[in-house]
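final.pdb, holding PDB, C-alpha atoms:
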ATOM      1  CA  MET A   1     -14.022  -4.717  -9.158
ATOM      2  CA  LYS A   2     -16.314  -1.831  -8.207
ATOM      3  CA  LEU A   3     -15.149   1.414  -9.843
ATOM      4  CA  GLU A   4     -15.908   4.839  -8.377
ATOM      5  CA  VAL A   5     -14.744   7.773 -10.516
ATOM      6  CA  LEU A   6     -14.308  11.110  -8.767
ATOM      7  CA  ASP A   7     -13.464  14.508 -10.187
ATOM      8  CA  CYS A   8      -9.993  15.092  -8.757
ATOM      9  CA  PRO A   9      -7.264  13.609  -6.526
ATOM     10  CA  LYS A  10      -8.582  15.500  -3.477
ATOM     11  CA  ALA A  11     -12.021  13.961  -3.914
ATOM     12  CA  VAL A  12     -10.429  10.522  -4.237
ATOM     13  CA  ALA A  13      -8.371  11.060  -1.075
ATOM     14  CA  ASP A  14     -11.409  12.229   0.870
ATOM     15  CA  ARG A  15     -13.485   9.245  -0.228
ATOM     16  CA  ALA A  16     -10.682   6.797   0.564
ATOM     17  CA  ALA A  17     -10.253   8.391   3.998
ATOM     18  CA  VAL A  18     -13.937   7.915   4.821
ATOM     19  CA  LEU A  19     -13.797   4.236   3.874
ATOM     20  CA  LEU A  20     -10.578   3.732   5.846
ATOM     21  CA  ALA A  21     -11.947   5.504   8.907
ATOM     22  CA  GLN A  22     -14.993   3.246   8.960
ATOM     23  CA  VAL A  23     -12.704   0.228   9.110
ATOM     24  CA  LEU A  24     -10.125   1.625  11.511
ATOM     25  CA  LEU A  25     -12.760   2.736  14.013
ATOM     26  CA  ASP A  26     -14.371  -0.725  14.096
ATOM     27  CA  HIS A  27     -12.597  -2.626  16.869
ATOM     28  CA  THR A  28     -14.125  -5.923  15.688
ATOM     29  CA  ARG A  29     -12.241  -5.830  12.371
ATOM     30  CA  PRO A  30      -8.967  -7.649  11.663
ATOM     31  CA  PRO A  31      -5.820  -5.530  11.198
ATOM     32  CA  THR A  32      -5.738  -3.148   8.250
ATOM     33  CA  GLY A  33      -3.142  -3.399   5.489
ATOM     34  CA  LEU A  34      -1.596  -0.024   4.692
ATOM     35  CA  ALA A  35       0.467   1.373   1.832
ATOM     36  CA  THR A  36       2.896   4.216   1.179
ATOM     37  CA  GLY A  37       3.737   6.406  -1.808
ATOM     38  CA  ARG A  38       2.753   9.831  -3.094
ATOM     39  CA  THR A  39      -0.905   8.932  -3.590
ATOM     40  CA  MET A  40      -1.264   7.911   0.046
ATOM     41  CA  VAL A  41       0.100  11.207   1.393
ATOM     42  CA  SER A  42      -3.190  12.870   0.427
ATOM     43  CA  VAL A  43      -5.245   9.909   1.649
ATOM     44  CA  TYR A  44      -3.628  10.025   5.082
ATOM     45  CA  GLY A  45      -3.895  13.803   5.106
ATOM     46  CA  SER A  46      -7.664  13.427   4.804
ATOM     47  CA  LEU A  47      -7.801  10.494   7.226
ATOM     48  CA  VAL A  48      -6.022  12.109  10.180
ATOM     49  CA  PRO A  49      -8.686  14.794  10.878
ATOM     50  CA  LEU A  50     -11.439  12.158  10.736
ATOM     51  CA  LEU A  51      -9.723  10.004  13.330
ATOM     52  CA  LYS A  52      -8.762  12.951  15.523
ATOM     53  CA  GLN A  53     -12.398  13.989  15.566
ATOM     54  CA  ALA A  54     -13.367  10.509  16.759
ATOM     55  CA  GLY A  55     -10.754  10.658  19.536
ATOM     56  CA  ILE A  56      -7.832   8.421  20.373
ATOM     57  CA  ALA A  57     -10.017   6.137  22.479
ATOM     58  CA  ALA A  58     -11.922   5.233  19.311
ATOM     59  CA  TYR A  59      -8.821   3.970  17.502
ATOM     60  CA  GLY A  60      -6.665   2.910  20.437
ATOM     61  CA  HIS A  61      -7.002  -0.703  19.304
ATOM     62  CA  TRP A  62      -5.004   0.144  16.142
ATOM     63  CA  ARG A  63      -3.157  -2.721  14.473
ATOM     64  CA  SER A  64      -1.849  -2.453  10.927
ATOM     65  CA  PHE A  65       0.578  -4.172   8.587
ATOM     66  CA  ASN A  66       2.343  -2.364   5.783
ATOM     67  CA  LEU A  67       2.879  -3.817   2.350
ATOM     68  CA  ASP A  68       6.608  -3.381   2.127
ATOM     69  CA  GLU A  69       9.925  -1.938   3.268
ATOM     70  CA  TYR A  70      13.285  -1.285   1.640
ATOM     71  CA  VAL A  71      16.112  -3.683   2.425
ATOM     72  CA  GLY A  72      18.981  -1.899   4.142
ATOM     73  CA  LEU A  73      17.094   1.039   5.671
ATOM     74  CA  ALA A  74      16.573   1.391   9.428
ATOM     75  CA  PRO A  75      13.167   2.505  10.751
ATOM     76  CA  GLY A  76      14.772   5.788  11.825
ATOM     77  CA  ASP A  77      16.041   6.516   8.314
ATOM     78  CA  GLY A  78      13.827   9.283   6.954
ATOM     79  CA  ARG A  79      13.634   7.531   3.584
ATOM     80  CA  SER A  80      12.247   4.300   5.018
ATOM     81  CA  PHE A  81       8.580   3.403   4.887
ATOM     82  CA  ALA A  82       8.604   3.089   8.667
ATOM     83  CA  ALA A  83       9.573   6.768   8.843
ATOM     84  CA  TYR A  84       6.909   7.607   6.250
ATOM     85  CA  MET A  85       4.222   5.927   8.375
ATOM     86  CA  ALA A  86       5.436   7.691  11.508
ATOM     87  CA  LYS A  87       5.361  11.057   9.731
ATOM     88  CA  TYR A  88       1.918  10.798   8.156
ATOM     89  CA  LEU A  89       0.012   8.669  10.681
ATOM     90  CA  GLY A  90       1.991   7.625  13.735
ATOM     91  CA  LYS A  91       3.000  11.018  15.085
ATOM     92  CA  PRO A  92      -0.166  12.965  14.140
ATOM     93  CA  LEU A  93      -2.377  10.304  15.739
ATOM     94  CA  ALA A  94      -0.056   9.256  18.600
ATOM     95  CA  ILE A  95      -0.027   5.648  17.384
ATOM     96  CA  PRO A  96       2.854   3.627  18.889
ATOM     97  CA  ALA A  97       5.287   2.156  16.392
ATOM     98  CA  THR A  98       4.593  -1.302  17.792
ATOM     99  CA  ALA A  99       0.999  -1.044  16.529
ATOM    100  CA  MET A 100       2.159  -0.284  12.964
ATOM    101  CA  GLN A 101       4.000  -3.329  11.702
ATOM    102  CA  LEU A 102       6.402  -3.331   8.750
ATOM    103  CA  PRO A 103       9.078  -5.753   7.570
ATOM    104  CA  ASN A 104      12.467  -5.181   9.185
ATOM    105  CA  GLY A 105      14.665  -3.677   6.502
ATOM    106  CA  LEU A 106      17.786  -4.359   8.568
ATOM    107  CA  ALA A 107      17.129  -8.062   9.109
ATOM    108  CA  PRO A 108      20.361  -9.984   8.432
ATOM    109  CA  ASN A 109      18.505 -12.425   6.160
ATOM    110  CA  PRO A 110      15.775 -10.630   4.180
ATOM    111  CA  SER A 111      14.293 -13.898   2.914
ATOM    112  CA  HIS A 112      13.869 -15.189   6.457
ATOM    113  CA  GLU A 113      12.391 -11.847   7.485
ATOM    114  CA  ALA A 114       9.885 -12.056   4.625
ATOM    115  CA  GLU A 115       8.760 -15.477   5.823
ATOM    116  CA  ARG A 116       8.505 -14.262   9.422
ATOM    117  CA  TYR A 117       6.426 -11.288   8.325
ATOM    118  CA  ARG A 118       4.206 -13.456   6.156
ATOM    119  CA  GLN A 119       3.486 -15.766   9.078
ATOM    120  CA  GLU A 120       2.657 -12.809  11.314
ATOM    121  CA  VAL A 121       0.209 -11.419   8.751
ATOM    122  CA  GLN A 122      -1.385 -14.820   8.248
ATOM    123  CA  LYS A 123      -1.755 -15.334  11.980
ATOM    124  CA  ARG A 124      -3.720 -12.102  12.385
ATOM    125  CA  GLY A 125      -5.338 -11.904   8.959
ATOM    126  CA  LEU A 126      -6.036  -8.716   7.031
ATOM    127  CA  GLY A 127      -9.404  -6.972   6.893
ATOM    128  CA  LEU A 128      -9.066  -4.144   4.388
ATOM    129  CA  GLN A 129      -5.876  -3.802   2.339
ATOM    130  CA  LEU A 130      -5.099  -0.348   0.916
ATOM    131  CA  LEU A 131      -3.281  -0.344  -2.433
ATOM    132  CA  GLY A 132      -1.794   2.056  -4.928
ATOM    133  CA  LEU A 133      -0.681   1.388  -8.494
ATOM    134  CA  GLY A 134       2.812   1.556  -9.914
ATOM    135  CA  GLU A 135       3.337   2.915 -13.415
ATOM    136  CA  ASN A 136       4.556  -0.499 -14.563
ATOM    137  CA  GLY A 137       1.527  -2.241 -13.034
ATOM    138  CA  HIS A 138       3.007  -3.286  -9.724
ATOM    139  CA  VAL A 139       1.115  -3.377  -6.428
ATOM    140  CA  GLY A 140       3.200  -3.445  -3.296
ATOM    141  CA  PHE A 141       6.593  -4.185  -4.817
ATOM    142  CA  ASN A 142       5.299  -7.080  -6.889
ATOM    143  CA  GLU A 143       7.132  -6.250 -10.079
ATOM    144  CA  PRO A 144       6.106  -7.708 -13.445
ATOM    145  CA  PRO A 145       6.100 -10.520 -14.291
ATOM    146  CA  CYS A 146       4.270 -11.727 -11.187
ATOM    147  CA  GLY A 147       1.617 -14.388 -10.689
ATOM    148  CA  ALA A 148      -1.291 -14.408  -8.279
ATOM    149  CA  SER A 149       0.315 -17.030  -6.040
ATOM    150  CA  ALA A 150       3.475 -15.011  -5.268
ATOM    151  CA  PRO A 151       4.116 -14.970  -1.468
ATOM    152  CA  CYS A 152       5.740 -12.382   0.769
ATOM    153  CA  ARG A 153       9.375 -12.310  -0.291
ATOM    154  CA  CYS A 154      12.484 -10.249  -0.938
ATOM    155  CA  VAL A 155      12.412  -8.759  -4.453
ATOM    156  CA  ARG A 156      14.751  -6.824  -6.703
ATOM    157  CA  LEU A 157      13.252  -3.502  -7.762
ATOM    158  CA  SER A 158      13.056  -2.629 -11.430
ATOM    159  CA  PRO A 159      14.795   0.477 -12.790
ATOM    160  CA  ALA A 160      11.347   1.962 -13.498
ATOM    161  CA  THR A 161      10.235   1.521  -9.895
ATOM    162  CA  ARG A 162      13.473   2.929  -8.522
ATOM    163  CA  GLN A 163      13.015   5.975 -10.763
ATOM    164  CA  GLN A 164       9.399   6.355  -9.635
ATOM    165  CA  ASN A 165      10.535   6.370  -5.986
ATOM    166  CA  ALA A 166      13.589   8.569  -6.468
ATOM    167  CA  SER A 167      11.998  11.721  -5.027
ATOM    168  CA  ALA A 168      12.650  10.472  -1.468
ATOM    169  CA  PHE A 169      16.303   9.916  -2.377
ATOM    170  CA  GLY A 170      17.263  13.315  -3.691
ATOM    171  CA  GLY A 171      15.852  12.538  -7.117
ATOM    172  CA  LEU A 172      18.531   9.904  -7.717
ATOM    173  CA  ALA A 173      17.195   6.547  -8.878
ATOM    174  CA  GLU A 174      20.559   4.946  -8.173
ATOM    175  CA  ALA A 175      20.217   5.935  -4.500
ATOM    176  CA  VAL A 176      16.991   3.949  -4.118
ATOM    177  CA  PRO A 177      17.712   0.547  -2.529
ATOM    178  CA  GLU A 178      17.900  -2.273  -5.047
ATOM    179  CA  ARG A 179      15.810  -4.663  -2.948
ATOM    180  CA  ALA A 180      12.704  -4.630  -0.780
ATOM    181  CA  ILE A 181      10.571  -7.020   1.241
ATOM    182  CA  THR A 182       6.981  -7.035   0.027
ATOM    183  CA  LEU A 183       3.761  -8.848   0.727
ATOM    184  CA  GLY A 184       2.993 -10.997  -2.295
ATOM    185  CA  LEU A 185      -0.125 -11.057  -4.394
ATOM    186  CA  ALA A 186      -1.207 -14.181  -2.537
ATOM    187  CA  ASP A 187      -1.103 -12.241   0.743
ATOM    188  CA  ILE A 188      -2.879  -9.230  -0.789
ATOM    189  CA  LEU A 189      -5.633 -11.314  -2.360
ATOM    190  CA  ALA A 190      -6.192 -13.095   0.972
ATOM    191  CA  ALA A 191      -7.425  -9.825   2.557
ATOM    192  CA  GLN A 192     -11.167  -9.565   3.151
ATOM    193  CA  GLN A 193     -11.446  -6.302   1.202
ATOM    194  CA  LEU A 194      -9.239  -4.302  -1.153
ATOM    195  CA  LEU A 195      -9.258  -0.514  -1.495
ATOM    196  CA  PHE A 196      -7.378   0.406  -4.680
ATOM    197  CA  VAL A 197      -6.580   4.109  -5.115
ATOM    198  CA  VAL A 198      -5.333   5.490  -8.445
ATOM    199  CA  THR A 199      -4.938   9.117  -9.549
ATOM    200  CA  GLY A 200      -3.206  11.067 -12.294
ATOM    201  CA  THR A 201      -2.737  10.946 -16.059
ATOM    202  CA  ASN A 202       0.543   9.069 -15.595
ATOM    203  CA  LYS A 203      -1.493   6.045 -14.452
ATOM    204  CA  LYS A 204      -4.009   6.179 -17.322
ATOM    205  CA  ALA A 205      -2.308   3.688 -19.655
ATOM    206  CA  VAL A 206      -1.589   1.049 -17.031
ATOM    207  CA  LEU A 207      -4.984   1.438 -15.361
ATOM    208  CA  ARG A 208      -6.650   0.794 -18.713
ATOM    209  CA  ARG A 209      -4.744  -2.484 -18.922
ATOM    210  CA  VAL A 210      -5.753  -3.374 -15.352
ATOM    211  CA  LEU A 211      -9.411  -2.799 -16.163
ATOM    212  CA  GLU A 212      -9.682  -4.060 -19.725
ATOM    213  CA  GLU A 213      -7.234  -6.945 -20.082
ATOM    214  CA  ALA A 214      -7.406 -10.408 -18.575
ATOM    215  CA  PRO A 215      -5.429 -10.984 -15.349
ATOM    216  CA  GLN A 216      -1.826 -11.627 -16.310
ATOM    217  CA  GLU A 217       1.705 -11.744 -14.932
ATOM    218  CA  ALA A 218       2.750  -8.790 -17.110
ATOM    219  CA  VAL A 219       0.393  -6.495 -15.157
ATOM    220  CA  PRO A 220       0.458  -7.665 -11.521
ATOM    221  CA  ALA A 221      -2.365  -5.310 -10.480
ATOM    222  CA  SER A 222      -4.651  -7.051 -12.965
ATOM    223  CA  TRP A 223      -4.967  -9.957 -10.515
ATOM    224  CA  LEU A 224      -7.055  -7.659  -8.309
ATOM    225  CA  GLN A 225      -9.891  -8.331 -10.758
ATOM    226  CA  THR A 226     -10.170 -11.804  -9.215
ATOM    227  CA  HIS A 227     -10.875 -10.520  -5.698
ATOM    228  CA  PRO A 228     -14.535 -10.729  -4.625
ATOM    229  CA  ASP A 229     -14.566  -7.358  -2.812
ATOM    230  CA  CYS A 230     -12.322  -4.767  -4.452
ATOM    231  CA  VAL A 231     -13.218  -1.069  -4.645
ATOM    232  CA  LEU A 232     -11.267   1.068  -7.096
ATOM    233  CA  LEU A 233     -11.281   4.819  -6.467
ATOM    234  CA  ALA A 234      -9.910   6.795  -9.396
ATOM    235  CA  ASP A 235      -9.981  10.367 -10.628
ATOM    236  CA  ARG A 236     -11.060  11.341 -14.132
ATOM    237  CA  ALA A 237      -7.473  11.884 -15.233
ATOM    238  CA  ALA A 238      -6.577   8.273 -14.417
ATOM    239  CA  VAL A 239      -9.572   6.740 -16.185
ATOM    240  CA  GLY A 240      -9.490   9.152 -19.120
ATOM    241  CA  PHE A 241     -12.985  10.616 -18.999
TER     242      PHE A 241
END
Starting from the coordinates I provided, produce the structure as structure tokens.
Amino acid sequence: MKLEVLDCPKAVADRAAVLLAQVLLDHTRPPTGLATGRTMVSVYGSLVPLLKQAGIAAYGHWRSFNLDEYVGLAPGDGRSFAAYMAKYLGKPLAIPATAMQLPNGLAPNPSHEAERYRQEVQKRGLGLQLLGLGENGHVGFNEPPCGASAPCRCVRLSPATRQQNASAFGGLAEAVPERAITLGLADILAAQQLLFVVTGTNKKAVLRRVLEEAPQEAVPASWLQTHPDCVLLADRAAVGF
């Protein structure tokens, strides 16, 4: 894992945006794996001007797959990850929703939808996969304990994760859906490259475990150590120096 420490969250977002833009503007690359969450709001905020400067013709080939989606939320629901992607990337860059793939949160059988989505991702392959870090060590919605061979599946979210995501649901953890469809660690680790973005003092303790302890089910993000091409961008608050 290659670690780059930057001074502040804005510097991390700017650096991540440059690396993402290089990939997204290369029409020879496989689809990009994208993520959501508070950390990515700043990353996408820095990315949009870079892509606008290049012009829509330069990224008109866009094809991306998101890590996850809540079970029970329609794409038009403002709390869904589909709506998040439309708000921060789709609408500003005029990217059609069909080019930004996510699991269908309204699928009648979430387990079947997870398998369908997994097959679609495998068929196209992932070039660079963007990742954030949950305070309990999850990546995507791969909650601990989770092994490296976990596939795309429907998962039950932990109370800690529901609390961490409560801001989009009026601050109420109990309003956050109990389940989600997520790409598994097996799918994440199959990507050609990983871009892991971590900021803030609230991530310091878990990031230390990711970096210093052996890969283990108790800290799902620790399996990223085993990937041959993983770049970790972190601010000084997250690494503690």
Given only C-alpha atoms as the counted atoms, nearest of A:Ser46, A:Ser167, A:Ser64, A:Thr36 to Ala11 in chain A: A:Ser46
Proximity check range 119-204 of chain A to range 15-20 of chain A, 10 Å, nearest pairs one decimal Å, only C-alpha atoms, as a tab-separated table:
residue	atom	partner	partner_atom	distance
A:Leu128	CA	A:Leu20	CA	8.2
A:Gln129	CA	A:Leu20	CA	9.5
A:Leu130	CA	A:Leu20	CA	8.4
A:Leu195	CA	A:Ala16	CA	7.7
A:Phe196	CA	A:Ala16	CA	8.9
A:Val197	CA	A:Ala16	CA	7.5
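CA of Ala168 in chain A is positioned 24.7 Å from CA of Tyr117 in chain A.
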Close residues, Ala21 in chain A itself excluded, 12 Å, only C-alpha atoms, min 6 positions apart in chain, as a PyMOL selection string: chain A and resi 13-15+27+29+32+43-44+46-55+58-59+62+128
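CA of Arg79 in chain A sits 28.7 Å away from CA of Gln193 in chain A.
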Shortest interatomic distance to Thr201 in chain A - which of A:Pro151, A:Pro220, A:Gly37, A:Gly240, counting all atoms listed in the file: A:Gly240
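Between CA of Pro228 in chain A and CA of Asn136 in chain A the separation is 23.8 Å.
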Ground truth for the PyMOL selection byres ((chain A and resi 139) around 9), written as number ranges by chain: A: 67, 131-134, 137-138, 140-143, 184-185, 220-221
Selection to disk with C-alpha atoms, as a compact mmCIF listing (two decimals), in the frame of the given file:
# COMPACT_ATOMS: atom_id res chain seq x y z
CA LEU A 67 2.88 -3.82 2.35
CA LEU A 131 -3.28 -0.34 -2.43
CA GLY A 132 -1.79 2.06 -4.93
CA LEU A 133 -0.68 1.39 -8.49
CA GLY A 134 2.81 1.56 -9.91
CA GLY A 137 1.53 -2.24 -13.03
CA HIS A 138 3.01 -3.29 -9.72
CA GLY A 140 3.20 -3.44 -3.30
CA PHE A 141 6.59 -4.18 -4.82
CA ASN A 142 5.30 -7.08 -6.89
CA GLU A 143 7.13 -6.25 -10.08
CA GLY A 184 2.99 -11.00 -2.30
CA LEU A 185 -0.12 -11.06 -4.39
CA PRO A 220 0.46 -7.66 -11.52
CA ALA A 221 -2.37 -5.31 -10.48
Set the distance at 10 Å and use all atoms listed in the file: which residues neighbour Gly200 in chain A once local chain neighbours fewer than 5 positions away are removed? I'd like the list as a PyMOL selection string. chain A and resi 8-9+39+234-240
Calculated over all atoms listed in the file, which of the candidates A:Lys91, A:His112, A:Arg118, A:Arg38 has the smallest distance to Cys152 in chain A? A:Arg118
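Residue nearest Arg156 in chain A within the list A:Ala180, A:Ala57, A:Ala186, A:Leu34: A:Ala180 [criterion: smallest interatomic distance, only C-alpha atoms].
Of the listed residues A:Val23, A:Leu3, A:Val198, A:Ala214, the one whose atoms come nearest to Cys230 in chain A is A:Leu3, with distances taken using all atoms listed in the file.
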Please identify all polymer residues within 9 Å of Pro159 in chain A, counting all atoms listed in the file, omitting same-chain residues fewer than 5 positions from it, and present them as a short mmCIF file (atom, residue, chain, number, x, y, z; two decimals) with C-alpha atoms, keeping the file's coordinate frame.
data_model
loop_
_atom_site.label_atom_id
_atom_site.label_comp_id
_atom_site.auth_asym_id
_atom_site.auth_seq_id
_atom_site.Cartn_x
_atom_site.Cartn_y
_atom_site.Cartn_z
CA GLN A 164 9.40 6.36 -9.64
CA ALA A 173 17.20 6.55 -8.88
CA GLU A 174 20.56 4.95 -8.17
CA GLU A 178 17.90 -2.27 -5.05
#
